[in-house]
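Novice: Would you mind keeping the following structure in view while I ask a few things?
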Amino acid sequence: MNKKKSEVILPSQTKKTAKKPKKTAKKKMNLYSSLSYKHKAKKEADARRRAEDLAKLPKDPVKRFFARLHPKRVFKWWFSKRGQKTILKTIAACILIFIIFIGGLFLYYKKDLDEIRLDEMSISETVNTYLDRNGEVLWRDTGNEDYRLVVEADEISEYMYQATVAIEDRNFYNHVGVDFGALVRAAFSTLSGHGVQGGSTLTQQLIKQVYFSDEAASANRGGLTRKIKELILAIELERMYSKDQILTMYLNQSPYGGRRNGVESAAQTYFGKHAKDLTLAESALLASIPNNPGVFNPYNEYGHEQLLWRQHYTLDVMAEMGYITEDEAEEAKQVAILDTIKPESTQYSDMLAPHFVLEVRKQLEDKYGIQTMRSGGWTIKTTLDYRAQKIAEDAVAVGMTHTYKNRSDNIALVSVDVETSQVVAMVGSQDFFNATYGELNVTTDSLIEPGSSIKPILDYTPLFMQRDGVNYGPGSVLRDENINKLYCAGYSGSCALTNATGTFYGDVTIRFSLGHSLNIAAVKALYINGIDNSLEVAHALGDTSYCENREGYGLSIAIGSGCGVKMVEHANAYASLARGGAYKDLSYVLEVKNSSGETIESWEDKEATQVVDEQVAYMISNILSDGSARFGIYAPGGSQSFGYVVPNVWTATKTGTTTTANSAVTKDSLIESYSTALSTFVWNGNHDGAGLSSNANDVVRNTVGTYMERVHKEVYEPDGRWHYGDQPAKPAGIQTLTVNGKTDIWPSWFNSAKNSGVAKEKLIFNKYNHLLASSCTPEDYKIEIEVTKTTDPMTGNDVYSVPEPYDRNTSDPCDYTPPQIALSTSGDRIIATVKRGTNDIAGYTLYVNGVEQSGISLGVDGVISGYKLNGTETSIKFTVSDSAGYSASGDMTLTPKTKVDDNSANSGN
């Protein structure tokens, strides 16, 4: 055994030996002990301060919590080292979490975008095909085929590149596809209430236009998801393409309003030049459009002010960025750029029914979004029948041959199918390619004052509806009289209500008033209905734009003054009457298919909404088709009946006219004509609103007459949609009654004893001049006649209906003497002793046994020549009349076989 190992160590030795290492260890730890002590002391001091600080706080937990939030304590903590460390740690943690979150989102959505091949991204031309209902191609929307829709970088003006970057993305050449600073600024602006501000780069906008236009157009469907995808793809796109390539694709893809996408199509459409030839002013204008192409479209005159402001702003930014000088910017601003825009009509030379097709395109773009529709490949089958359209265009051409009569320059026509409310023909202006006004679609884009054509819809349809109290029908009497005191109440300046003829017609029926288009009865009807109620009915029938807000309108709207209506709506409102008072929505499209052949929408014949009882609609149609209720020249066989009367086609017709602001001259001439198959409305006037030289309606009459005759016989009859003799069937309940001394049709709810408002009364008339007897009328001139009486609902005056030829409205002036007559016989001769009155004798008639005799003359001696007594006579009557229309009669009663020399016969006056 090793001795060293087996050596025993004494306790004293152990102790001595052990002390040395302890001493050494103590010396080695003194430095660390000192530092530890200081650290510990500092911690203890901090703990003491915190404890002392806490000791000053209230004991109650709630009070202690709020005491901690005292501004001084928060401020002190915020600027303490401990507080700043905590804040830095929190920020670092948030940044880390955000990076992880963004990375996660990137990975999550990246897998959904794998099918998008950015390396194969390209911009191509688009084609949409518009068809009529029978498959006739109306337009292939391909852009101007003489030029490519897509152009290379060197085929675009440098100004266009600069203007686009300046107005859309100033930092375009510096970001990586996403401008995070712009996103933060946009978010801050939105959250702070300063309005929504875009933060998308040109790259993001390109991605959205190419890949997400459908989502963007669908009320921001999937907005956050789409934005994230845009960010991802924008960054990826920047890795694959150069800035100039991205900008070129953007310029070829962006919407510039008007006809097509892409800067080349915009340059061709608006300026008739290539994109490479655009000037500074033109480039600044085009670059300003994509932000809001619907408003900034140069063909949208309502957006011109905003468009010019934005163009000027674009020029200012270009100068600020150093692309151009301030002088160049100011010079470009002075260019009357909008005056150089080519007329829109020049872009559509290959289009059939251009007004209609462009209206359909507008509606689809509003519904699905501009980008969606202009992505191309759509096939749109419309409701238009091109056969009817051609007839409509021919009819307008016929109408234009009559415009010299009233010095007008424009006609518009729209025709609606009664069964379906589908638009089958539309001529928005007489010549679409007229450089001044041709592209304006008067039938859809203008609010036309309807004049008297509103009366059946607004005034009389509501009046004929069943109501508490007095009910009305075509035979009801509304006195035609001066009502200026009531009509003009509240008006300032001159005001007067008259008929077109300047004559008041007294106690006439509604059939007469509507047939003659009198104004007084129409205003009274509106007064009875109440303005709000009448407008509610008119809107429900289809005239939704007429006095749309329903406020601030007076009784003048009864005659179509003060409010406008869209022609196509007015035609549809009459179609509702033709359907028996049932409304259907207007429709322009039968079917829409996308580029894959999928049917996106198709027309369905929805059930009509019954607005008024079919008896009401029938009564209106019955009046409007009654030729005997019109002025003679417009009645069947009259010199101006064509249009009111369509050969071999039952139609109901209503005209209308409007006047200039000072009511001096006629401004618009209108006519509505409907059958059981079609409702057609025609307008004629000047494009600038100038007055017409006369109120003659030859233009609209010949236009609508030509169209309605041909379209029924050449289109609707061959198709089996109309047959000769078709007219509205009389609804159950319609009754024929004699009321107010007039026989007419009435609705089932009309009861002459309960709700007619009619009372009977006896009046005294002069039996010779048929005027109302006055105090000076001789007693033997008087005759008592039974009449009917109603109370005018507007004036409160009594209204009488009297049999012809009596006149209750004029009192007997007693300024005449009627002729007198006495009869006798002499042998076989009849002697008539006639005494002249105030006026000369104008004629006489002899009746023997009640039979009028011919070849009679009266001699100077009073002998009636041309008849001899033969003993068989039982009664003799001899009547004379004077030049003023007064008459007198002499009567004799004879006994057969009486001797002819008996002079004892009776005589009388």
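Lettering and numbering for the structure tokens are positional, with chains as A, B, ... in the shown order, residues counted from 1 in each chain, and ligands counted from 1 in the shown order.
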Quick one: residues within 9 Å of Thr461 in chain A, only C-alpha atoms counted, chain neighbours fewer than 3 positions away excluded, as a PyMOL selection string?
Specialist: chain A and resi 455-458+464-465+534+537-538+612+616-617+619-620
Novice: Show which residues sit within 9 Å of Gln735 in chain A, as a PyMOL selection string. Count only C-alpha atoms, and ignore same-chain residues fewer than 4 positions away.
Specialist: chain A and resi 744-748+750
Novice: Identify, on the basis of only C-alpha atoms, every residue whose closest approach to Gly560 in chain A does not exceed 9 Å; exclude the query and any residue fewer than 4 positions from it along the same chain; express the result as a PyMOL selection string.
Specialist: chain A and resi 449-455+556+564+656-658
Novice: Would you mind exporting the chosen residues as an mmCIF file, in the first residue's frame, restricted to N, CA and C atoms?
Specialist:
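Just written: result-v1.cif:
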data_model
loop_
_atom_site.group_PDB
_atom_site.id
_atom_site.type_symbol
_atom_site.label_atom_id
_atom_site.label_comp_id
_atom_site.auth_asym_id
_atom_site.auth_seq_id
_atom_site.Cartn_x
_atom_site.Cartn_y
_atom_site.Cartn_z
ATOM 1 N N GLU A 449 -91.351 66.849 -70.595
ATOM 2 C CA GLU A 449 -92.655 67.228 -70.062
ATOM 3 C C GLU A 449 -93.725 66.558 -70.929
ATOM 4 N N PRO A 450 -94.618 65.765 -70.345
ATOM 5 C CA PRO A 450 -95.545 64.977 -71.160
ATOM 6 C C PRO A 450 -96.758 65.743 -71.664
ATOM 7 N N GLY A 451 -96.974 66.983 -71.168
ATOM 8 C CA GLY A 451 -98.154 67.707 -71.598
ATOM 9 C C GLY A 451 -99.421 66.917 -71.305
ATOM 10 N N SER A 452 -100.409 67.054 -72.163
ATOM 11 C CA SER A 452 -101.711 66.415 -71.928
ATOM 12 C C SER A 452 -101.657 64.893 -71.978
ATOM 13 N N SER A 453 -100.563 64.330 -72.462
ATOM 14 C CA SER A 453 -100.479 62.862 -72.502
ATOM 15 C C SER A 453 -100.420 62.263 -71.109
ATOM 16 N N ILE A 454 -100.225 63.095 -70.081
ATOM 17 C CA ILE A 454 -100.200 62.575 -68.715
ATOM 18 C C ILE A 454 -101.613 62.440 -68.145
ATOM 19 N N LYS A 455 -102.595 63.108 -68.749
ATOM 20 C CA LYS A 455 -103.937 63.176 -68.167
ATOM 21 C C LYS A 455 -104.576 61.805 -67.916
ATOM 22 N N SER A 556 -100.603 72.230 -61.568
ATOM 23 C CA SER A 556 -100.176 72.299 -62.969
ATOM 24 C C SER A 556 -99.660 70.963 -63.482
ATOM 25 N N GLY A 564 -90.949 66.213 -65.624
ATOM 26 C CA GLY A 564 -90.628 65.444 -66.826
ATOM 27 C C GLY A 564 -90.754 63.958 -66.572
ATOM 28 N N GLY A 656 -100.214 65.276 -76.707
ATOM 29 C CA GLY A 656 -99.794 66.245 -75.705
ATOM 30 C C GLY A 656 -98.903 67.293 -76.344
ATOM 31 N N THR A 657 -98.937 68.476 -75.783
ATOM 32 C CA THR A 657 -98.009 69.524 -76.207
ATOM 33 C C THR A 657 -97.485 70.228 -74.970
ATOM 34 N N THR A 658 -96.297 70.812 -75.083
ATOM 35 C CA THR A 658 -95.755 71.642 -74.014
ATOM 36 C C THR A 658 -95.359 72.981 -74.607
#
Novice: Identify which of the residues A:Ser587, A:Val799, A:Phe180, A:Leu352 lies closest to Asp605 in chain A, counting only C-alpha atoms when measuring atom-to-atom distances.
Specialist: A:Ser587
Novice: Pick out the residues sitting within 7 Å of Val127 in chain A, and hand them over as an mmCIF file with N, CA and C atoms, in the first residue's frame; count only C-alpha atoms, and ignore anything fewer than 4 positions along from it in its own chain.
Specialist:
data_model
loop_
_atom_site.group_PDB
_atom_site.id
_atom_site.type_symbol
_atom_site.label_atom_id
_atom_site.label_comp_id
_atom_site.auth_asym_id
_atom_site.auth_seq_id
_atom_site.Cartn_x
_atom_site.Cartn_y
_atom_site.Cartn_z
ATOM 1 N N ARG A 140 -71.203 43.736 -83.033
ATOM 2 C CA ARG A 140 -70.091 42.997 -82.434
ATOM 3 C C ARG A 140 -69.151 44.049 -81.862
ATOM 4 N N ASP A 141 -69.102 44.106 -80.557
ATOM 5 C CA ASP A 141 -68.334 45.140 -79.863
ATOM 6 C C ASP A 141 -66.864 44.730 -79.847
ATOM 7 N N THR A 142 -66.161 45.031 -80.931
ATOM 8 C CA THR A 142 -64.766 44.595 -81.077
ATOM 9 C C THR A 142 -63.775 45.745 -81.031
ATOM 10 N N GLY A 376 -64.948 40.704 -72.287
ATOM 11 C CA GLY A 376 -65.205 40.116 -73.590
ATOM 12 C C GLY A 376 -65.800 38.729 -73.547
ATOM 13 N N GLY A 377 -66.303 38.313 -74.706
ATOM 14 C CA GLY A 377 -66.842 36.968 -74.845
ATOM 15 C C GLY A 377 -68.312 36.856 -74.509
#
